[in-house]
Protein chains: 2
Amino acid sequence: MSKPKYAIGIDFGTESGRAVLVETKTGKEIGTSIYSYENGVIDETLPVDGDPVLLEPEWALQDPQDYVRTFQKTVPDVLSQAGVNSENVIGIGTDFTACTILPVKSDGTPLCTLSDYRRNPHAWVKLWKHHAAQPEADKINATARNLGQTWLDRYGGKISSEWFFAKTLQILNEAPEIYDAADRLLEAADWVVWQLTGIEKRNSCTAGYKAMWSKKEGYPPDTFFKELDPRLEKVVDQKMSRDIHSIGEKAGELTAQAAAWTGLREGTAVAIANVDAHVSVPAATVTEPGRMVMIMGTSICHMVLGREERTVEGMCGVVEDGIIPGLFGFEAGQSGVGDIFAWFVNNCIPEDYHQEAQRRNIDIHQLLEEKTASQRPGEHGLLALDWWNGNRSVLVDVDLSGLLIGATLGTRPEDIYRALIEATAFGTRVIIEAFEQNGVKVSELVACGGLPEKNKMLMQIYADITGRTFKISTSKQTPALGSAIFGAVAAGSRAGGYDSIFEAAKHMARLKDEEYRPIPDNQKIYDRLYAEYLRLHDYFGRGENSVMKTLRQIRDEVI
Amino acid sequence: MSKPKYAIGIDFGTESGRAVLVETKTGKEIGTSIYSYENGVIDETLPVDGDPVLLEPEWALQDPQDYVRTFQKTVPDVLSQAGVNSENVIGIGTDFTACTILPVKSDGTPLCTLSDYRRNPHAWVKLWKHHAAQPEADKINATARNLGQTWLDRYGGKISSEWFFAKTLQILNEAPEIYDAADRLLEAADWVVWQLTGIEKRNSCTAGYKAMWSKKEGYPPDTFFKELDPRLEKVVDQKMSRDIHSIGEKAGELTAQAAAWTGLREGTAVAIANVDAHVSVPAATVTEPGRMVMIMGTSICHMVLGREERTVEGMCGVVEDGIIPGLFGFEAGQSGVGDIFAWFVNNCIPEDYHQEAQRRNIDIHQLLEEKTASQRPGEHGLLALDWWNGNRSVLVDVDLSGLLIGATLGTRPEDIYRALIEATAFGTRVIIEAFEQNGVKVSELVACGGLPEKNKMLMQIYADITGRTFKISTSKQTPALGSAIFGAVAAGSRAGGYDSIFEAAKHMARLKDEEYRPIPDNQKIYDRLYAEYLRLHDYFGRGENSVMKTLRQIRDEVI
């Protein structure tokens with residue numbers, strides 16, 4: 001029997017980078033290492049010497065040196081943890097937050113590392129949650145509508161301020177000198193692969209979901225960019241690339257420098273870059289249509305595959321080769337989920353509850369779950385609209401806000417907590433039904449992320465409300481495992497990996513034995529509550545009563 | 001110069017009885033005494049020897065002996081506090097919660113004091129907040145509608161489960177032996193006056209507001225009572241009285257026994273009974289149409305006078321001689337106000353807020369006010385419907401519930417607190433506008449009760465939202481002062497009192513110098529928010545979307 005082979009997956013998150021070392025034959029995770037970024041999320045002042053450079057509200061930057069340090073710290077660490085010889089590591093895969101972009105010189109040097117630009121915030125990495133480009137997003141949407149751009153339909157009719165061209169246009173508007181100095185503008189996802197291989201190769205996932213590229217039509221036409229800003233007319237050819245590589249391909253091989261950083265062999269296969277959410281899909285065993293993967297944490301990202309392109313109301317995007325090569329990857333999202341529960345726990349829980357949780361040495365979320373887990377659906381008499389952070393799908397409206405109805409003097413904190421969980425599950429059901437109504441089948445759900453690990457009541461509520469069985473991914477580092485799987489595919493079967501993502505996922509991805517099945521009695525009650533949810537959803541979300549917008553407008557006027 | 005003369009007012013509340021000794025010439029309060037009822041609110045078990053007698057949910061009883069003890073404890077106490085000789089106390093007035101009723105023998109002996117009946121809960125005093133007679137109230141409303149009873153209009157189209165005949169019918173249904181044994185059924189308000197004077201005399205206030213009596217038409221006809229229950233046909237003539245006395249009249253004079261209880265002179269003038277809310281109106285200087293008195297505490301009671309009877313949507317009642325002799329007294333109410341703020345503070349305030357309040361030695365309500373007092377209207381972006389305890393006026397619907405809209409991940413506890421205060425003020429504005437639209441003028445507001453004392457921000461918000469100046473009653477014991485004023489009227493001018501409530505109020509009632517005037521800039525914003533409130537009020541409250549009822553129905557089904 002030959003020696004076991006290994007692949008490494010590295011997941012670049014918001015606060016840290018995480019590496020896992022995985023046995024290719026079994027998917028067994030042998031080592032895990034986490035590096036907390038030295039400069040974390042930069043949202044107040046730039047980490048530069050001299051006078052402080054203050055950032056405006058809504059800004060969120062990162063330091064690309066933190067990504068290099070992630071390679072330098074985590075890869076040697078997982079190797080030594082597992083006592084694995086680098087000879088037996090056959091491939092490396094990476095995934096990133098998106099859309100997270102940076103301006104670089106033609107050799108890949110980030111502008112923010114050059115003394116000329118270091119004090120200019122626009123020279124740094126703009127993190128996915130940099131939200132200062134809303135005016136630019138508005139302009140892109142208006143221009144696209146005016147010009148009748150059909151690609152808008154692939155994004156639910158609206159692109160986000162988080163995306164590639166909104167951020168790019170903000171650089172051009174506010175720091176044209178940075179725009180001019182940037183030979184290349186690219187996703188950090190592609191930049192880290194470039195650092196490993198020495199070659200700039202762009203992936204189909206971020207291009208498709210964040211930069212309006214499609215396999216059939218490419219990028220929007222130059223005429224569109226010209227209309228947006230004449231200086232932007234040739235942005236694709238000047239600063240980007242039309243040569244887009246499907247995820248699942250091999251990007252190249254580890255350079256001598258990257259081998260020195262990581263302790264891996266020079267020449268180790270490196271996969272085309274991927275995105276944290278999307279790379280989780282095969283890691284959750286899903287490589288075919290019909291099963292939706294939900295990454296459940298502060299927000300929920302919903303992903304499902306299809307054999308044909310479909311237009312689904314308010315989805316975040318549909319991209320061919322975007323998740324699995326050869327299939328259309330559909331993405332939708334809920335912008336507030338765990339975030340809403342955290343808001344509630346931080347703002348609305350009385351002292352004695354915290355004391356009780358502390359005394360019993362349990363988490364406050366656990367306590368609340370305990371207090372309400374035996375309730376029957378409908379028992380608390382509450383209903384909420386889960387829009388504390390706006391609505392990403394299907395209404396695509398950041399100006400919507402949260403609603404709670406049914407409160408009485410007998411309403412307890414745990415009642416509201418449960419109602420908020422149910423509201424997010426109703427939100428997921430709206431998304432699933434939108435997919436199904438447009439011919440994208442969703443017969444089963446696979447969950448990964450932080451919430452399913454901890455919260456059994458929540459998972460049962462989701463199963464009851466969606467009427468679908470929930471399975472759970474086994475890995476605690478699903479994105480990193482997904483990257484390792486793509487690393488094994490980049491290496492190929494001859495090296496001890498796999499020749500396709502389908503084969504690789506079959507062997508390396510796994511689900512837990514436990515699953516959550518809908519309970520028919522609960523479903524019956526939730527169906528009635530869902531009808532009420534939908535009515536409020538449409539009444540407040542589709543313009544019949546725009547009080548949420550009026551409240552926001554008045555607030556903006558008076559502040 | 002003659003010796004100063006004094007009147008005593010006694011306010012029988014829910015948990016305690018309070019007496020004030022007042023100088024008749026100036027209205028100055030010389031002494032105050034509070035007696036906490038020994039048996040308080042009886043809502044779990046009867047205070048009897050032997051095996052415990054358990055009460056059902058929604059029950060709330062009192063012990064009439066506690067009322068006698070109130071006389072025995074508080075009156076001697078205020079006399080000795082002030083060093084006032086009983087010779088100089090010319091009159092005594094009383095007010096009570098309502099509708100609070102009891103069954104007694106023909107000599108006034110409460111059935112619950114007799115060993116035959118002592119262990120029967122129906123023999124005890126049914127307190128205003130005894131809510132176990134809802135089926136009876138429903139039957140009364142349905143029967144009145146079927147028979148086309150016009151008196152229903154005087155009560156906003158619906159009578160409450162708290163009222164006289166609902167409680168009476170419950171006795172008849174559940175304890176016919178008590179109904180039969182009761183020679184008299186009457187308000188505790190009238191019973192305490194009977195104890196002082198030895199004579200049964202019934203007041204126009206409780207008769208009008210709680211027992212459907214009117215000066216013009218008397219009680220509903222016997223045919224109505226017969227239709228309700230044949231045994232009830234002659235209830236008025238058998239157990240009650242058609243001889244109703246206007247508030248402001250003298251009921252009689254102190255008996256030797258009552259003189260012994262209180263240390264007052266036998267023969268001291270005693271006023272006709274009154275109700276705590278209504279007696280506060282002249283104590284707040286209001287004896288003419290145009291100014292509305294608001295008693296602001298756990299709930300709000302709104303009272304305003306008119307020269308003509310008008311039908312106003314959803315008001316609690318209109319009674320001639322009900323508040324001031326010769327005028328029509330209109331009453332409306334909000335069923336949850338301070339209660340909602342208390343619910344919020346008890347259920348939704350995080351630990352560190354309580355710690356901060358404790359550290360700074362201030363009340364948590366004060367802390368919340370401080371944190372939001374400098375906000376401009378609309379700044380928090382929230383809007384609420386103040387129906388945590390249903391809606392008493394103008395919708396008259398206990399099945400409505402609370403709504404909060406506009407929440408975001410940035411919403412803080414103090415924002416919600418302020419939004420709840422604003423919601424209750426919008427609720428008051430709805431009531432004021434209902435009065436004005438029906439020809440009952442409300443040009444200025446006078447507040448009394450617990451809330452105006454403590455909460456300046458709240459008062460300013462009420463002024464801004466209603467667009468009316470708020471004045472504040474000086475007394476901390478407004479109802480007891482009102483009773484003392486009526487005591488001085490019962491004594492008459494020859495004894496050193498007054499011959500009319502108008503004269504008495506002019507001299508004995510007083511307002512604070514401070515007042516709250518609407519701030520035009522705030523009004524402009526609140527007018528816009530009020531339009532949104534009204535739209536939600538009508539949408540959820542008038543049947544277009546009955547989700548609140550559906551939620552309650554589902555809750556009742558599953559519990």
# chains A, B, ... in the order shown; residues from 1 in each chain; ligands from 1
$ interface_residues --of "chain A" --to "chain B" --cutoff "7 Å" --atoms "only C-alpha atoms" --output "count of residues only"
36
$ select_by_dssp --residues "range 61-253 of chain B" --states "strand (DSSP E)" --output "PDB file with N, CA and C atoms, in the first residue's frame"
ATOM      1  N   LEU B  61     -59.653  39.425  43.762  1.00  0.00           N
ATOM      2  CA  LEU B  61     -60.632  39.763  44.810  1.00  0.00           C
ATOM      3  C   LEU B  61     -60.009  40.713  45.823  1.00  0.00           C
ATOM      4  N   GLN B  62     -60.859  41.304  46.660  1.00  0.00           N
ATOM      5  CA  GLN B  62     -60.378  42.052  47.815  1.00  0.00           C
ATOM      6  C   GLN B  62     -61.235  41.705  49.034  1.00  0.00           C
ATOM      7  N   VAL B  89     -62.501  69.518  61.202  1.00  0.00           N
ATOM      8  CA  VAL B  89     -62.653  68.728  59.974  1.00  0.00           C
ATOM      9  C   VAL B  89     -64.132  68.731  59.614  1.00  0.00           C
ATOM     10  N   ILE B  90     -64.432  69.373  58.499  1.00  0.00           N
ATOM     11  CA  ILE B  90     -65.845  69.614  58.194  1.00  0.00           C
ATOM     12  C   ILE B  90     -66.454  68.589  57.252  1.00  0.00           C
ATOM     13  N   GLY B  91     -65.593  67.894  56.480  1.00  0.00           N
ATOM     14  CA  GLY B  91     -66.170  66.967  55.499  1.00  0.00           C
ATOM     15  C   GLY B  91     -65.200  65.880  55.127  1.00  0.00           C
ATOM     16  N   ILE B  92     -65.798  64.818  54.623  1.00  0.00           N
ATOM     17  CA  ILE B  92     -64.983  63.688  54.193  1.00  0.00           C
ATOM     18  C   ILE B  92     -65.504  63.208  52.848  1.00  0.00           C
ATOM     19  N   GLY B  93     -64.564  62.932  51.933  1.00  0.00           N
ATOM     20  CA  GLY B  93     -64.928  62.391  50.614  1.00  0.00           C
ATOM     21  C   GLY B  93     -64.113  61.144  50.346  1.00  0.00           C
ATOM     22  N   THR B  94     -64.653  60.299  49.511  1.00  0.00           N
ATOM     23  CA  THR B  94     -63.945  59.049  49.190  1.00  0.00           C
ATOM     24  C   THR B  94     -64.016  58.782  47.699  1.00  0.00           C
ATOM     25  N   ASP B  95     -63.003  58.085  47.217  1.00  0.00           N
ATOM     26  CA  ASP B  95     -63.046  57.590  45.833  1.00  0.00           C
ATOM     27  C   ASP B  95     -62.502  56.178  45.822  1.00  0.00           C
ATOM     28  N   PHE B  96     -62.866  55.448  44.809  1.00  0.00           N
ATOM     29  CA  PHE B  96     -62.574  54.028  44.765  1.00  0.00           C
ATOM     30  C   PHE B  96     -62.141  53.623  43.364  1.00  0.00           C
ATOM     31  N   ILE B 101     -67.013  45.437  42.941  1.00  0.00           N
ATOM     32  CA  ILE B 101     -68.348  45.219  43.507  1.00  0.00           C
ATOM     33  C   ILE B 101     -68.360  44.096  44.538  1.00  0.00           C
ATOM     34  N   LEU B 102     -69.387  44.132  45.371  1.00  0.00           N
ATOM     35  CA  LEU B 102     -69.528  43.048  46.359  1.00  0.00           C
ATOM     36  C   LEU B 102     -70.996  42.763  46.653  1.00  0.00           C
ATOM     37  N   PRO B 103     -71.310  41.511  47.067  1.00  0.00           N
ATOM     38  CA  PRO B 103     -72.662  41.145  47.485  1.00  0.00           C
ATOM     39  C   PRO B 103     -72.780  41.305  49.006  1.00  0.00           C
ATOM     40  N   VAL B 104     -73.859  41.930  49.451  1.00  0.00           N
ATOM     41  CA  VAL B 104     -74.029  42.167  50.896  1.00  0.00           C
ATOM     42  C   VAL B 104     -75.456  41.826  51.319  1.00  0.00           C
ATOM     43  N   VAL B 125     -65.222  40.578  47.466  1.00  0.00           N
ATOM     44  CA  VAL B 125     -65.215  41.749  46.572  1.00  0.00           C
ATOM     45  C   VAL B 125     -64.531  41.370  45.265  1.00  0.00           C
ATOM     46  N   LYS B 126     -65.202  41.591  44.149  1.00  0.00           N
ATOM     47  CA  LYS B 126     -64.552  41.411  42.845  1.00  0.00           C
ATOM     48  C   LYS B 126     -63.896  42.735  42.466  1.00  0.00           C
ATOM     49  N   ARG B 184     -78.243  42.852  48.387  1.00  0.00           N
ATOM     50  CA  ARG B 184     -77.800  43.998  47.597  1.00  0.00           C
ATOM     51  C   ARG B 184     -76.519  43.616  46.857  1.00  0.00           C
ATOM     52  N   LEU B 185     -76.411  44.154  45.635  1.00  0.00           N
ATOM     53  CA  LEU B 185     -75.145  44.066  44.900  1.00  0.00           C
ATOM     54  C   LEU B 185     -74.734  45.504  44.655  1.00  0.00           C
ATOM     55  N   LEU B 186     -73.504  45.870  45.039  1.00  0.00           N
ATOM     56  CA  LEU B 186     -73.145  47.286  44.845  1.00  0.00           C
ATOM     57  C   LEU B 186     -71.647  47.487  44.707  1.00  0.00           C
ATOM     58  N   GLU B 187     -71.330  48.671  44.229  1.00  0.00           N
ATOM     59  CA  GLU B 187     -69.932  49.098  44.121  1.00  0.00           C
ATOM     60  C   GLU B 187     -69.358  49.260  45.522  1.00  0.00           C
ATOM     61  N   ARG B 202     -76.333  55.468  46.145  1.00  0.00           N
ATOM     62  CA  ARG B 202     -75.481  55.087  45.006  1.00  0.00           C
ATOM     63  C   ARG B 202     -75.109  56.310  44.170  1.00  0.00           C
ATOM     64  N   ASN B 203     -73.865  56.285  43.649  1.00  0.00           N
ATOM     65  CA  ASN B 203     -73.356  57.469  42.939  1.00  0.00           C
ATOM     66  C   ASN B 203     -73.560  57.365  41.434  1.00  0.00           C
ATOM     67  N   ILE B 244     -80.315  57.233  42.040  1.00  0.00           N
ATOM     68  CA  ILE B 244     -78.886  57.492  41.810  1.00  0.00           C
ATOM     69  C   ILE B 244     -78.582  58.954  42.144  1.00  0.00           C
ATOM     70  N   HIS B 245     -77.518  59.175  42.882  1.00  0.00           N
ATOM     71  CA  HIS B 245     -77.179  60.525  43.339  1.00  0.00           C
ATOM     72  C   HIS B 245     -75.983  61.068  42.583  1.00  0.00           C
ATOM     73  N   LYS B 250     -74.150  65.640  48.969  1.00  0.00           N
ATOM     74  CA  LYS B 250     -73.825  65.104  50.290  1.00  0.00           C
ATOM     75  C   LYS B 250     -74.555  63.770  50.449  1.00  0.00           C
ATOM     76  N   ALA B 251     -73.816  62.747  50.908  1.00  0.00           N
ATOM     77  CA  ALA B 251     -74.447  61.438  51.085  1.00  0.00           C
ATOM     78  C   ALA B 251     -75.118  61.338  52.442  1.00  0.00           C
ATOM     79  N   GLY B 252     -74.530  61.960  53.446  1.00  0.00           N
ATOM     80  CA  GLY B 252     -75.064  61.856  54.795  1.00  0.00           C
ATOM     81  C   GLY B 252     -74.018  62.346  55.776  1.00  0.00           C
ATOM     82  N   GLU B 253     -74.150  61.850  56.994  1.00  0.00           N
ATOM     83  CA  GLU B 253     -73.244  62.312  58.049  1.00  0.00           C
ATOM     84  C   GLU B 253     -72.641  61.122  58.772  1.00  0.00           C
TER      85      GLU B 253
END
$ select_by_dssp --residues "range 178-344 of chain B" --states "helix (DSSP H, G or I)" --output "PyMOL selection string"
chain B and resi 178-181+188-197+204-210+222-228+230-232+235-239+256-262+276-283+338-344
$ residues_around --residues "Leu111 in chain A" --least-positions-apart "3" --cutoff "12 Å" --atoms "only C-alpha atoms" --output "number ranges by chain"
A: 63-65, 101-108, 114-125, 177-185
$ residues_around --residues "range 68-81 of chain A" --least-positions-apart "3" --cutoff "9 Å" --atoms "only C-alpha atoms" --output "MDAnalysis selection string"
chainID A and resid 8 10 12 16:21 30:38 64:65 84:86 192 195 258 260:264
$ atom_distance --atom1 "CA of Arg154 in chain A" --atom2 "CA of Pro452 in chain A"
29.6 Å
$ closest_residue --among "A:Ala447, A:Ile140, A:Val430, A:Leu458" --to "Arg510 in chain A" --atoms "only C-alpha atoms"
A:Ala447
$ residues_around --residues "Phe224 in chain B" --least-positions-apart "2" --cutoff "9 Å" --atoms "only C-alpha atoms" --output "PyMOL selection string"
chain B and resi 143-144+147+149+220-222+226-229+233
$ closest_residue --among "A:Pro282, A:Gly218, A:Gly314, A:Gly439" --to "Thr478 in chain A" --atoms "only C-alpha atoms"
A:Pro282
$ residues_around --residues "Gly306 in chain B" --least-positions-apart "4" --cutoff "12 Å" --atoms "only C-alpha atoms" --output "number ranges by chain"
B: 286-292, 310-312, 318-331, 435-436, 438-442
$ residues_around --residues "range 488-492 of chain B" --least-positions-apart "5" --cutoff "12 Å" --atoms "only C-alpha atoms" --output "PyMOL selection string"
chain B and resi 5-9+21-27+88-94+246-254+267-273+282+481-483+497-505+507-508
$ atom_distance --atom1 "CA of Gly13 in chain B" --atom2 "CA of Trp128 in chain B"
10.2 Å
$ atom_distance --atom1 "CA of Gln523 in chain A" --atom2 "CA of Ala332 in chain A"
23.7 Å
